[in-house]
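This is upload11.txt. It holds compact mmCIF, C-alpha atoms.
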# COMPACT_ATOMS: atom_id res chain seq x y z
CA MET A 288 -10.02 15.02 81.30
CA GLN A 289 -8.37 15.57 77.92
CA HIS A 290 -10.24 14.69 74.75
CA ARG A 291 -8.23 11.97 73.01
CA ILE A 292 -7.75 12.48 69.28
CA ILE A 293 -5.94 9.80 67.29
CA VAL A 294 -4.87 10.34 63.67
CA LEU A 295 -4.05 7.13 61.80
CA GLY A 296 -1.55 7.61 59.00
CA ALA A 297 1.01 10.37 58.51
CA GLY A 298 0.97 10.98 54.78
CA TYR A 299 -0.04 14.32 53.28
CA THR A 300 -3.54 14.17 54.74
CA GLY A 301 -2.87 12.66 58.16
CA ALA A 302 0.09 14.89 58.96
CA THR A 303 -1.80 17.94 57.72
CA ALA A 304 -4.86 17.12 59.82
CA ALA A 305 -2.83 16.53 62.99
CA GLY A 306 -0.98 19.82 62.66
CA ARG A 307 -4.13 21.78 61.83
CA ILE A 308 -6.09 20.33 64.76
CA ALA A 309 -3.21 21.28 67.05
CA LYS A 310 -3.54 24.89 65.85
CA ARG A 311 -7.26 24.97 66.53
CA LEU A 312 -7.53 23.50 70.05
CA HIS A 313 -6.05 24.40 73.42
CA ARG A 314 -3.30 21.98 74.39
CA ALA A 315 -4.61 21.52 77.90
CA ASP A 316 -7.90 20.20 76.55
CA VAL A 317 -6.78 17.61 74.01
CA ALA A 318 -4.26 14.82 73.58
CA ILE A 319 -3.37 14.41 69.88
CA THR A 320 -1.60 11.22 68.78
CA LEU A 321 -0.37 10.72 65.22
CA VAL A 322 0.24 7.04 64.42
CA SER A 323 2.81 6.48 61.68
CA ALA A 324 4.59 3.41 60.36
CA GLU A 325 7.48 5.61 59.19
CA PRO A 326 9.72 7.84 61.34
CA ASP A 327 9.72 10.59 58.74
CA PHE A 328 7.38 12.12 56.18
CA VAL A 329 7.35 10.34 52.81
CA GLU A 330 6.80 12.52 49.73
CA ARG A 331 4.66 10.05 47.88
CA VAL A 332 4.46 12.22 44.78
CA ARG A 333 8.23 11.73 44.35
CA MET A 334 8.44 7.94 44.52
CA HIS A 335 9.32 7.72 40.82
CA GLN A 336 12.33 9.94 41.57
CA LEU A 337 13.39 7.77 44.49
CA ALA A 338 13.08 4.68 42.29
CA VAL A 339 15.67 5.95 39.80
CA GLY A 340 18.25 6.79 42.45
CA GLN A 341 17.50 10.40 43.39
CA GLU A 342 17.83 11.26 47.07
CA LEU A 343 14.92 12.93 48.83
CA LYS A 344 15.22 15.40 51.68
CA PRO A 345 14.55 13.71 55.04
CA ARG A 346 11.72 15.21 57.09
CA PRO A 347 11.70 13.53 60.55
CA PHE A 348 8.38 13.69 62.36
CA ASP A 349 10.01 14.38 65.72
CA GLU A 350 11.33 17.63 64.25
CA MET A 351 8.18 18.48 62.30
CA PHE A 352 5.89 18.24 65.31
CA ALA A 353 8.28 19.44 68.02
CA GLY A 354 6.48 21.91 70.25
CA THR A 355 3.08 21.46 68.56
CA GLY A 356 1.46 19.23 71.15
CA VAL A 357 1.21 16.35 68.68
CA GLU A 358 2.64 13.06 69.93
CA VAL A 359 4.01 10.84 67.15
CA LYS A 360 3.70 7.11 67.77
CA LEU A 361 5.68 4.82 65.49
CA ALA A 362 3.50 1.77 64.92
CA GLU A 363 1.60 -0.25 62.33
CA VAL A 364 -2.18 -0.16 62.57
CA ALA A 365 -3.50 -3.71 63.03
CA GLY A 366 -7.21 -3.11 63.51
CA ILE A 367 -10.04 -0.81 64.52
CA ASP A 368 -12.96 -1.47 66.83
CA ALA A 369 -15.19 1.48 65.99
CA ASP A 370 -17.89 0.36 68.40
CA ARG A 371 -15.53 0.26 71.38
CA ARG A 372 -13.56 3.25 70.08
CA THR A 373 -10.21 1.51 70.16
CA VAL A 374 -7.33 1.03 67.74
CA THR A 375 -4.90 -1.87 67.87
CA VAL A 376 -1.35 -1.07 66.80
CA VAL A 377 1.92 -2.99 66.60
CA ASP A 378 4.59 -0.84 68.21
CA ALA A 379 7.65 -0.24 66.03
CA HIS A 380 9.96 -0.44 69.06
CA GLY A 381 9.06 -4.05 69.79
CA ALA A 382 6.51 -3.45 72.51
CA GLY A 383 4.05 -5.74 70.75
CA ASP A 384 0.34 -5.13 70.25
CA GLN A 385 -1.14 -2.14 72.03
CA GLU A 386 -4.72 -0.95 72.30
CA LEU A 387 -5.27 2.80 72.07
CA GLU A 388 -8.53 4.40 73.14
CA TYR A 389 -9.87 7.45 71.38
CA ASP A 390 -12.70 9.96 71.67
CA THR A 391 -12.22 11.17 68.09
CA LEU A 392 -10.50 9.20 65.35
CA VAL A 393 -9.17 10.64 62.08
CA TYR A 394 -8.62 7.80 59.60
CA ALA A 395 -5.93 8.67 57.04
CA LEU A 396 -4.33 5.33 56.15
CA GLY A 397 -4.54 6.16 52.46
CA SER A 398 -3.95 3.67 49.68
CA GLY A 399 -1.38 1.38 48.12
CA TRP A 400 -0.90 -0.31 44.82
CA ASN A 401 -3.71 -2.24 43.18
CA PRO A 402 -2.65 -5.51 41.47
CA GLN A 403 -6.24 -5.82 40.16
CA SER A 404 -6.12 -9.62 40.44
CA VAL A 405 -3.96 -9.86 37.32
CA PRO A 406 -2.01 -13.16 37.51
CA GLY A 407 1.66 -12.75 38.32
CA THR A 408 1.49 -9.10 39.32
CA ALA A 409 2.17 -9.61 43.00
CA GLU A 410 5.02 -12.03 42.26
CA HIS A 411 6.78 -10.25 39.41
CA ALA A 412 5.77 -6.57 39.21
CA HIS A 413 7.19 -3.63 41.12
CA ASP A 414 5.14 -1.13 43.11
CA ILE A 415 6.00 2.57 43.50
CA SER A 416 3.04 3.68 45.61
CA GLY A 417 5.26 3.85 48.70
CA ARG A 418 8.88 4.04 49.80
CA PRO A 419 9.57 0.31 50.33
CA GLY A 420 8.42 -0.53 46.80
CA ALA A 421 10.29 2.39 45.28
CA LEU A 422 13.51 1.32 47.00
CA ARG A 423 13.11 -2.26 45.76
CA LEU A 424 12.62 -0.99 42.22
CA ARG A 425 15.65 1.26 42.64
CA GLU A 426 17.81 -1.70 43.54
CA ARG A 427 16.47 -3.75 40.63
CA LEU A 428 16.97 -1.00 38.05
CA ALA A 429 20.57 -0.52 39.22
CA ARG A 430 21.31 -4.13 38.30
CA LEU A 431 19.97 -3.90 34.75
CA ASP A 432 22.41 -3.97 31.86
CA ALA A 433 22.14 -1.67 28.88
CA GLY A 434 19.44 -2.62 26.39
CA GLN A 435 17.26 -4.52 28.82
CA PRO A 436 13.51 -3.86 28.59
CA VAL A 437 11.45 -2.09 31.27
CA VAL A 438 7.66 -2.03 30.98
CA VAL A 439 5.47 0.42 32.89
CA VAL A 440 1.85 -0.75 33.06
CA GLY A 441 -0.67 2.07 33.49
CA GLY A 442 -1.33 5.20 31.47
CA GLY A 443 -2.36 7.49 34.34
CA LEU A 444 -0.26 10.14 36.03
CA THR A 445 1.84 7.66 38.02
CA GLY A 446 2.63 5.59 34.93
CA LEU A 447 3.55 8.62 32.84
CA GLU A 448 5.86 9.98 35.51
CA ALA A 449 7.52 6.62 36.15
CA ALA A 450 8.14 5.86 32.47
CA THR A 451 9.66 9.26 31.68
CA GLU A 452 11.78 9.34 34.84
CA ILE A 453 13.25 5.90 34.10
CA ALA A 454 13.85 6.70 30.42
CA GLU A 455 15.54 10.01 31.20
CA THR A 456 17.75 8.59 33.96
CA ARG A 457 18.60 5.39 32.08
CA PRO A 458 18.58 6.18 28.34
CA ASP A 459 20.42 2.89 27.79
CA LEU A 460 17.29 0.90 28.71
CA ASP A 461 14.40 -0.02 26.40
CA VAL A 462 11.40 1.56 28.13
CA ALA A 463 7.79 0.89 27.14
CA LEU A 464 4.43 1.95 28.52
CA VAL A 465 1.25 -0.12 28.29
CA ALA A 466 -2.08 1.74 28.63
CA ARG A 467 -5.51 0.15 28.71
CA GLY A 468 -7.10 3.24 27.12
CA GLY A 469 -5.92 5.86 24.70
CA PHE A 470 -2.56 7.46 25.45
CA GLY A 471 -3.30 10.61 27.45
CA ASP A 472 -6.83 10.67 26.09
CA TRP A 473 -8.16 12.66 29.08
CA LEU A 474 -5.84 15.59 28.22
CA SER A 475 -6.44 18.52 25.90
CA ASP A 476 -5.14 18.39 22.33
CA LYS A 477 -2.17 20.50 23.39
CA GLY A 478 -1.48 18.23 26.35
CA GLN A 479 -1.69 15.06 24.29
CA GLY A 480 0.58 16.51 21.64
CA HIS A 481 3.23 17.45 24.16
CA LEU A 482 3.00 14.06 25.85
CA ARG A 483 3.62 12.24 22.57
CA LYS A 484 6.49 14.57 21.75
CA VAL A 485 8.24 13.95 25.06
CA PHE A 486 7.76 10.18 24.91
CA ALA A 487 9.11 10.07 21.36
CA GLY A 488 12.11 12.16 22.36
CA LEU A 489 12.91 9.78 25.22
CA GLY A 490 12.48 6.74 22.98
CA ILE A 491 9.59 5.28 25.00
CA THR A 492 7.43 2.78 23.12
CA VAL A 493 3.72 3.22 23.78
CA HIS A 494 1.19 0.36 23.61
CA GLU A 495 -2.22 2.01 23.93
CA HIS A 496 -5.65 0.35 24.01
CA THR A 497 -3.85 -2.69 25.41
CA ALA A 498 -5.01 -4.73 28.40
CA VAL A 499 -2.47 -6.72 30.41
CA THR A 500 -3.69 -10.23 31.14
CA ALA A 501 -0.69 -11.59 33.07
CA VAL A 502 2.77 -10.66 34.29
CA GLU A 503 5.65 -13.12 34.07
CA ALA A 504 9.26 -12.85 35.19
CA ASP A 505 10.51 -11.75 31.77
CA ARG A 506 7.45 -10.42 29.96
CA VAL A 507 4.02 -8.88 30.14
CA LEU A 508 1.19 -10.74 28.41
CA THR A 509 -1.51 -8.72 26.68
CA ASP A 510 -4.40 -9.60 24.41
CA GLY A 511 -2.65 -11.86 21.95
CA THR A 512 0.87 -10.45 22.33
CA ALA A 513 3.82 -10.51 24.71
CA VAL A 514 5.93 -7.48 25.63
CA PRO A 515 9.46 -8.33 26.87
CA ALA A 516 10.13 -7.03 30.39
CA ALA A 517 13.20 -7.57 32.53
CA VAL A 518 11.41 -5.26 34.98
CA THR A 519 7.68 -4.55 35.17
CA VAL A 520 6.41 -1.47 37.02
CA TRP A 521 2.71 -1.72 37.95
CA ALA A 522 1.01 1.69 38.03
CA THR A 523 -2.64 1.02 37.20
CA GLY A 524 -4.20 2.83 40.15
CA PHE A 525 -4.57 2.53 43.90
CA ALA A 526 -6.50 0.44 46.40
CA VAL A 527 -7.32 1.65 49.90
CA HIS A 528 -6.02 0.06 53.06
CA PRO A 529 -8.28 -2.91 53.95
CA ILE A 530 -8.64 -2.17 57.66
CA ALA A 531 -11.69 0.07 57.33
CA ALA A 532 -13.67 -2.48 55.31
CA ALA A 533 -12.86 -5.12 57.93
CA SER A 534 -14.39 -2.99 60.67
CA THR A 535 -17.98 -1.98 61.39
CA LEU A 536 -17.45 1.40 59.71
CA GLU A 537 -19.76 1.91 56.75
CA SER A 538 -17.66 1.63 53.62
CA SER A 539 -18.18 1.52 49.88
CA GLY A 540 -17.43 -1.26 47.44
CA THR A 541 -13.95 0.23 47.06
CA GLY A 542 -13.33 -0.04 50.80
CA GLN A 543 -13.49 3.72 51.31
CA ILE A 544 -15.27 5.06 54.37
CA VAL A 545 -18.57 6.77 53.56
CA VAL A 546 -18.56 10.31 54.97
CA ASP A 547 -20.67 13.46 55.05
CA ALA A 548 -19.61 16.93 53.89
CA THR A 549 -17.45 17.39 57.00
CA MET A 550 -15.60 14.08 56.43
CA ARG A 551 -17.40 12.45 59.36
CA SER A 552 -18.35 8.78 59.08
CA LEU A 553 -22.04 8.23 58.43
CA SER A 554 -22.09 5.19 60.69
CA HIS A 555 -19.78 6.35 63.49
CA PRO A 556 -19.86 10.11 64.16
CA ASP A 557 -16.71 10.03 66.28
CA VAL A 558 -14.69 8.89 63.24
CA TYR A 559 -13.51 11.11 60.38
CA ALA A 560 -11.98 9.78 57.16
CA ILE A 561 -9.80 11.84 54.84
CA GLY A 562 -7.76 11.49 51.67
CA ASP A 563 -7.82 8.30 49.62
CA ALA A 564 -9.52 6.45 52.50
CA ALA A 565 -12.72 8.50 52.22
CA LEU A 566 -15.51 8.34 49.65
CA VAL A 567 -16.02 12.06 49.08
CA THR A 568 -18.37 13.63 46.57
CA GLY A 569 -16.84 16.56 44.74
CA PRO A 570 -18.00 19.01 42.06
CA GLY A 571 -20.52 17.54 39.65
CA ASP A 572 -21.46 14.93 42.28
CA LYS A 573 -18.45 12.86 41.23
CA PRO A 574 -16.31 10.93 43.72
CA LEU A 575 -12.95 12.64 44.20
CA ARG A 576 -10.05 10.81 42.63
CA MET A 577 -7.26 9.53 44.84
CA SER A 578 -4.71 12.34 44.80
CA CYS A 579 -2.91 14.88 46.93
CA ALA A 580 -4.93 17.61 45.21
CA SER A 581 -8.23 16.34 46.58
CA GLY A 582 -6.91 14.69 49.72
CA VAL A 583 -5.38 17.67 51.48
CA PRO A 584 -8.56 19.81 51.38
CA THR A 585 -10.40 16.92 53.02
CA ALA A 586 -7.82 17.06 55.82
CA TRP A 587 -8.49 20.78 56.24
CA GLN A 588 -12.23 20.16 56.35
CA ALA A 589 -11.99 17.34 58.88
CA ALA A 590 -9.56 19.19 61.15
CA ASP A 591 -11.69 22.32 61.21
CA ALA A 592 -14.87 20.28 61.74
CA VAL A 593 -13.33 18.41 64.67
CA ALA A 594 -12.29 21.68 66.26
CA ALA A 595 -15.65 23.33 65.61
CA ARG A 596 -17.63 20.49 67.15
CA LEU A 597 -15.40 20.29 70.21
CA THR A 598 -15.59 24.02 70.83
CA GLY A 599 -19.28 24.40 70.01
CA ARG A 600 -18.62 26.71 67.09
CA LYS A 601 -20.16 26.94 63.63
CA LEU A 602 -18.87 24.35 61.18
CA PRO A 603 -16.62 25.62 58.39
CA LYS A 604 -17.05 24.60 54.78
CA VAL A 605 -13.90 23.94 52.77
CA PRO A 606 -14.51 24.15 49.00
CA ILE A 607 -12.99 21.12 47.28
CA ARG A 608 -12.38 21.52 43.58
CA TYR A 609 -9.69 20.91 40.98
CA PHE A 610 -7.57 23.49 39.19
CA GLN A 611 -4.94 21.50 37.29
CA GLN A 612 -3.21 18.19 36.85
CA CYS A 613 0.55 18.51 37.33
CA ILE A 614 2.65 15.89 35.57
CA SER A 615 6.44 15.67 35.70
CA LEU A 616 7.98 14.14 32.58
CA GLY A 617 11.49 13.67 33.87
CA ARG A 618 13.49 16.50 35.42
CA LYS A 619 13.52 18.72 32.32
CA GLU A 620 9.98 18.42 31.00
CA GLY A 621 6.51 18.76 32.47
CA LEU A 622 2.85 19.17 31.66
CA ILE A 623 0.36 21.28 33.58
CA GLN A 624 -3.12 20.48 32.29
CA PHE A 625 -5.65 23.02 33.51
CA VAL A 626 -9.05 21.56 34.33
CA THR A 627 -12.59 22.46 35.35
CA ALA A 628 -13.78 22.20 38.94
CA ASP A 629 -14.80 18.59 38.30
CA ASP A 630 -11.43 17.65 36.77
CA GLN A 631 -12.22 17.87 33.03
CA ALA A 632 -9.45 19.14 30.77
CA VAL A 633 -9.75 22.59 29.19
CA PRO A 634 -7.74 23.66 26.12
CA LYS A 635 -5.19 25.57 28.20
CA ALA A 636 -2.02 23.70 29.19
CA LEU A 637 1.51 24.64 30.24
CA THR A 638 4.37 22.58 28.80
CA GLY A 639 8.14 22.26 28.71
CA ARG A 640 10.72 23.44 31.24
CA LEU A 641 8.38 26.03 32.71
CA ALA A 642 5.87 23.27 33.46
CA ALA A 643 8.61 21.19 35.08
CA LEU A 644 9.50 24.14 37.31
CA TYR A 645 5.82 24.72 38.09
CA LYS A 646 5.40 21.10 39.18
CA GLU A 647 8.54 21.26 41.30
CA ILE A 648 7.25 24.36 43.11
CA ILE A 649 3.95 22.58 43.78
CA CYS A 650 5.71 19.50 45.20
CA LYS A 651 7.99 21.59 47.39
CA GLY A 652 5.08 23.69 48.59
CA ALA A 653 3.07 20.61 49.52
CA ALA A 654 5.95 19.06 51.45
CA TRP A 655 6.80 22.36 53.14
CA SER A 656 3.27 22.92 54.36
CA VAL A 657 3.15 19.43 55.88
CA ALA A 658 6.61 19.80 57.42
CA HIS A 659 5.66 23.14 59.01
CA PRO A 660 2.24 22.47 60.50
CA THR A 661 2.37 25.50 62.78
CA VAL A 662 3.45 28.03 60.14
CA GLY A 663 1.17 29.94 57.78
CA LEU A 664 -2.07 29.18 59.63
CA PRO A 665 -3.49 31.64 62.14
CA VAL A 666 -3.37 30.29 65.68
CA ARG A 667 -6.89 29.90 67.07
CA ARG A 668 -6.43 27.53 69.99
CA ARG A 669 -9.87 27.57 71.54
CA ARG A 670 -11.07 25.79 74.66
CA THR A 671 -13.27 22.75 74.23
CA VAL A 672 -16.78 22.45 75.63
CA GLN A 673 -16.47 19.72 78.22
CA SER A 674 -20.17 18.98 78.55
CA GLY A 675 -23.52 19.77 77.00
CA ASN A 676 -24.90 19.39 73.54
CA LEU A 677 -22.48 20.50 70.82
CA ALA A 678 -24.72 19.46 67.99
CA GLY A 679 -26.77 22.63 67.61
CA ARG A 680 -24.61 25.40 66.30
CA ALA A 681 -21.67 23.17 65.36
CA ASP A 682 -23.72 20.93 63.08
CA GLN A 683 -24.85 23.79 60.88
CA VAL A 684 -22.38 23.86 58.03
CA GLY A 685 -21.32 27.46 57.59
CA GLN A 686 -18.82 29.48 55.64
CA VAL A 687 -16.23 30.13 58.34
CA ASP A 688 -12.47 29.94 57.64
CA GLN A 689 -12.94 29.01 54.00
CA VAL A 690 -10.06 27.61 52.03
CA GLY A 691 -9.65 28.72 48.47
CA ALA A 692 -9.52 32.02 46.63
CA GLY A 693 -9.01 34.84 49.07
CA ASN A 694 -8.46 32.46 51.98
CA PRO A 695 -6.75 34.23 54.88
CA ALA A 696 -5.31 30.95 56.10
CA GLY A 697 -2.13 31.60 54.16
CA GLN A 698 0.04 30.48 51.30
CA ALA A 699 0.78 27.07 52.77
CA ASP A 700 -2.83 26.02 52.20
CA SER A 701 -3.12 27.32 48.65
CA ALA A 702 0.15 25.71 47.61
CA VAL A 703 -1.04 22.25 48.55
CA GLU A 704 -4.47 22.66 46.96
CA ALA A 705 -2.80 23.18 43.58
CA ALA A 706 -0.88 19.89 43.72
CA ALA A 707 -1.95 17.11 41.37
Structure translated into structure tokens:
Amino acid sequence: MQHRIIVLGAGYTGATAAGRIAKRLHRADVAITLVSAEPDFVERVRMHQLAVGQELKPRPFDEMFAGTGVEVKLAEVAGIDADRRTVTVVDAHGAGDQELEYDTLVYALGSGWNPQSVPGTAEHAHDISGRPGALRLRERLARLDAGQPVVVVGGGLTGLEAATEIAETRPDLDVALVARGGFGDWLSDKGQGHLRKVFAGLGITVHEHTAVTAVEADRVLTDGTAVPAAVTVWATGFAVHPIAAASTLESSGTGQIVVDATMRSLSHPDVYAIGDAALVTGPGDKPLRMSCASGVPTAWQAADAVAARLTGRKLPKVPIRYFQQCISLGRKEGLIQFVTADDQAVPKALTGRLAALYKEIICKGAAWSVAHPTVGLPVRRRRTVQSGNLAGRADQVGQVDQVGAGNPAGQADSAVEAAA
């Protein structure tokens, strides 16, 4: 009987995990199902580009996973019963609710926007954490007349990229950014200087050390002031999908699934969580931030751990660390802030057109590696152990098939690890 592996979510981490598992295990021994709400891969790191009218290259899943042994099921995940090892999905083709049974579950539902309980956000602000929200913002921006104000709330990477992309594409609009903290205060002096230079050149007004207290149809309310806004873009961070917290899976206060070093759930060992959905401790004993840079290595770790346990082999250890933060500032400018392993800025930074090109290469490399799950990774399709205790050798975390410097797994892996 085939071992049933279900991967929930087909973003960077879910699609990567499904393809990598397929390369590790013999097709006759496993049935791999990738559940996705979308028929094609969404480059989430480009949603600010989609929002301003740029077209993105389509990457259909039926083409990506053709011949890999991965079955793609178009459906929305409605619930998980981790005790019964079942997943309830709503079929995209109108078949209604279906219950899928699994032997191993890889949870990669990721995250969405976080309104943070600020009054009026859900009603009046726009979300660019996914394709539907980006397309709605695109339609709204297209209807704006010259001189109308656009406010981006959030001074993190998403906010910076959205504000600069909108200002560059629509120089006729009055674009402002509102940041709760200091403007780019986590960057090096060189990085902060370049950021201010680019924002000034694009005519973006910056309100730093400013907390938003409410969002209305035509303005954003802050502590004692009001910032006019025909359109408000909310980019203050992400919140994970609520399904895990509603199940019996052990989760944190953020709703992330608590996992061990192999991305396996502490409460349900047949469940793995990866990407934004997992509470993972990184260098310096700090939780990894929600990003492609940290999410994809967790997919590698989980996929290799699943394969190792099913084949009775020694567990691999995938080093997870940061190298840089890659920020696009429109199509002509960029900022590559180099960081320590635990994500702290160092003085070195790359700026200007070269940084924009660098970021573009990273984004293309990340999408390419997901879209070609069977390329660049050595094929090691091993037979599973159908019976007996797999815990012994497989539960000893080793140093097999490491990902990182000198990794023989290929360029596709290293390209994704560098993404911010």
Original post:
Which value, in Å to one decimal, gives the distance between atom CA of Gln588 of chain A and atom CA of Thr549 of chain A?
Top reply: 5.9 Å
Subject >> atom CA of His528 of chain A to atom CA of Ile415 of chain A, distance in Å rounded to a single decimal >> reply: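 Calculated distance between atom CA of His528 of chain A and atom CA of Ile415 of chain A is 15.6 Å.
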Original post:
Could you tell me, as a VMD selection string, which residues have any atom at most 6 Å from (3.2, -5.0, 33.1), counting all atoms listed in the file?
Top reply: chain A and resid 438 to 440 502 507 519 521
**OP:** Give me the residues within 9 Å of Leu431 of chain A as a VMD selection string, counting all atoms listed in the file and dropping any in the same chain fewer than 4 places off.
**Re:** chain A and resid 427 435 to 436 460 517 to 518
Original post:
Given the choices A:Ile293, A:Arg423, A:Pro458, A:Glu410, which gets closest to Glu386 of chain A if the distance is worked out from only C-alpha atoms?
Top reply: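 Distance minimum relative to Glu386 of chain A lands on A:Ile293.
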**OP:** Just give me the gap between atom CA of Arg307 of chain A and atom CA of Thr373 of chain A in Å, one decimal is fine.
**Re:**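 It comes out at 22.7 Å.
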Subject >> Expected residue set, 10 Å radius at (7.7, 14.5, 28.7), only C-alpha atoms, as a ChimeraX atom specification >> reply: /A:447-448,450-452,455,481-489,614-622,638-640,643
Subject >> Counting all atoms listed in the file, the option among A:Leu575, A:Leu396, A:Val672, A:Val294 closest to Ala595 of chain A >> reply: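 Between A:Leu575, A:Leu396, A:Val672, A:Val294, the residue approaching Ala595 of chain A most closely is A:Val672.
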What are the nearest atom pairs, with distances in Å to one decimal, for all residues of segment 441-508 of chain A that come at most 9 Å from segment 339-355 of chain A, using all atoms listed in the file, set out by chain and rising residue number as a tab-separated table?
residue	atom	partner	partner_atom	distance
A:Ala449	CA	A:Val339	CA	9.0
A:Glu452	CA	A:Val339	CA	7.2
A:Ile453	CA	A:Val339	CA	6.2
A:Thr456	CA	A:Val339	CA	6.7
A:Arg457	CA	A:Val339	CA	8.3
**OP:** Within 10 Å of segment 531-536 of chain A, counting all atoms listed in the file, which residues show up once you throw out same-chain ones fewer than 5 positions away? Write them as a PyMOL selection string, please.
**Re:** chain A and resi 366-370+394+396+541-545+552-555+558+560+564-565
Those residues with C-alpha atoms, as a PDB file, keeping the file's coordinate frame please?
ATOM      1  CA  GLY A 366      -7.210  -3.110  63.510  1.00  0.00           C
ATOM      2  CA  ILE A 367     -10.040  -0.810  64.520  1.00  0.00           C
ATOM      3  CA  ASP A 368     -12.960  -1.470  66.830  1.00  0.00           C
ATOM      4  CA  ALA A 369     -15.190   1.480  65.990  1.00  0.00           C
ATOM      5  CA  ASP A 370     -17.890   0.360  68.400  1.00  0.00           C
ATOM      6  CA  TYR A 394      -8.620   7.800  59.600  1.00  0.00           C
ATOM      7  CA  LEU A 396      -4.330   5.330  56.150  1.00  0.00           C
ATOM      8  CA  THR A 541     -13.950   0.230  47.060  1.00  0.00           C
ATOM      9  CA  GLY A 542     -13.330  -0.040  50.800  1.00  0.00           C
ATOM     10  CA  GLN A 543     -13.490   3.720  51.310  1.00  0.00           C
ATOM     11  CA  ILE A 544     -15.270   5.060  54.370  1.00  0.00           C
ATOM     12  CA  VAL A 545     -18.570   6.770  53.560  1.00  0.00           C
ATOM     13  CA  SER A 552     -18.350   8.780  59.080  1.00  0.00           C
ATOM     14  CA  LEU A 553     -22.040   8.230  58.430  1.00  0.00           C
ATOM     15  CA  SER A 554     -22.090   5.190  60.690  1.00  0.00           C
ATOM     16  CA  HIS A 555     -19.780   6.350  63.490  1.00  0.00           C
ATOM     17  CA  VAL A 558     -14.690   8.890  63.240  1.00  0.00           C
ATOM     18  CA  ALA A 560     -11.980   9.780  57.160  1.00  0.00           C
ATOM     19  CA  ALA A 564      -9.520   6.450  52.500  1.00  0.00           C
ATOM     20  CA  ALA A 565     -12.720   8.500  52.220  1.00  0.00           C
TER      21      ALA A 565
END
Subject >> Test item: residues at most 12 Å from Thr509 of chain A, all atoms listed in the file, excluding those fewer than 5 positions along its chain, as a ChimeraX atom specification >> reply: /A:405-406,440,465-467,494-503,514-515
**OP:** Using only C-alpha atoms, pick whichever of A:Val546, A:Leu566, A:Leu597, A:Val359 has the shortest atom-to-atom distance to Gln289 of chain A.
**Re:**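 Counting only C-alpha atoms, the residue closest to Gln289 of chain A is A:Leu597.
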**OP:** Write out as a ChimeraX atom specification which residues come within 10 Å of segment 310-325 of chain A when counting all atoms listed in the file, dropping same-chain ones fewer than 6 positions away.
**Re:** /A:288-298,301-302,304,347-348,352,355-364,376-379,387,389-393,395-396,418,590-591,593-595,597-598,660-662,664-673
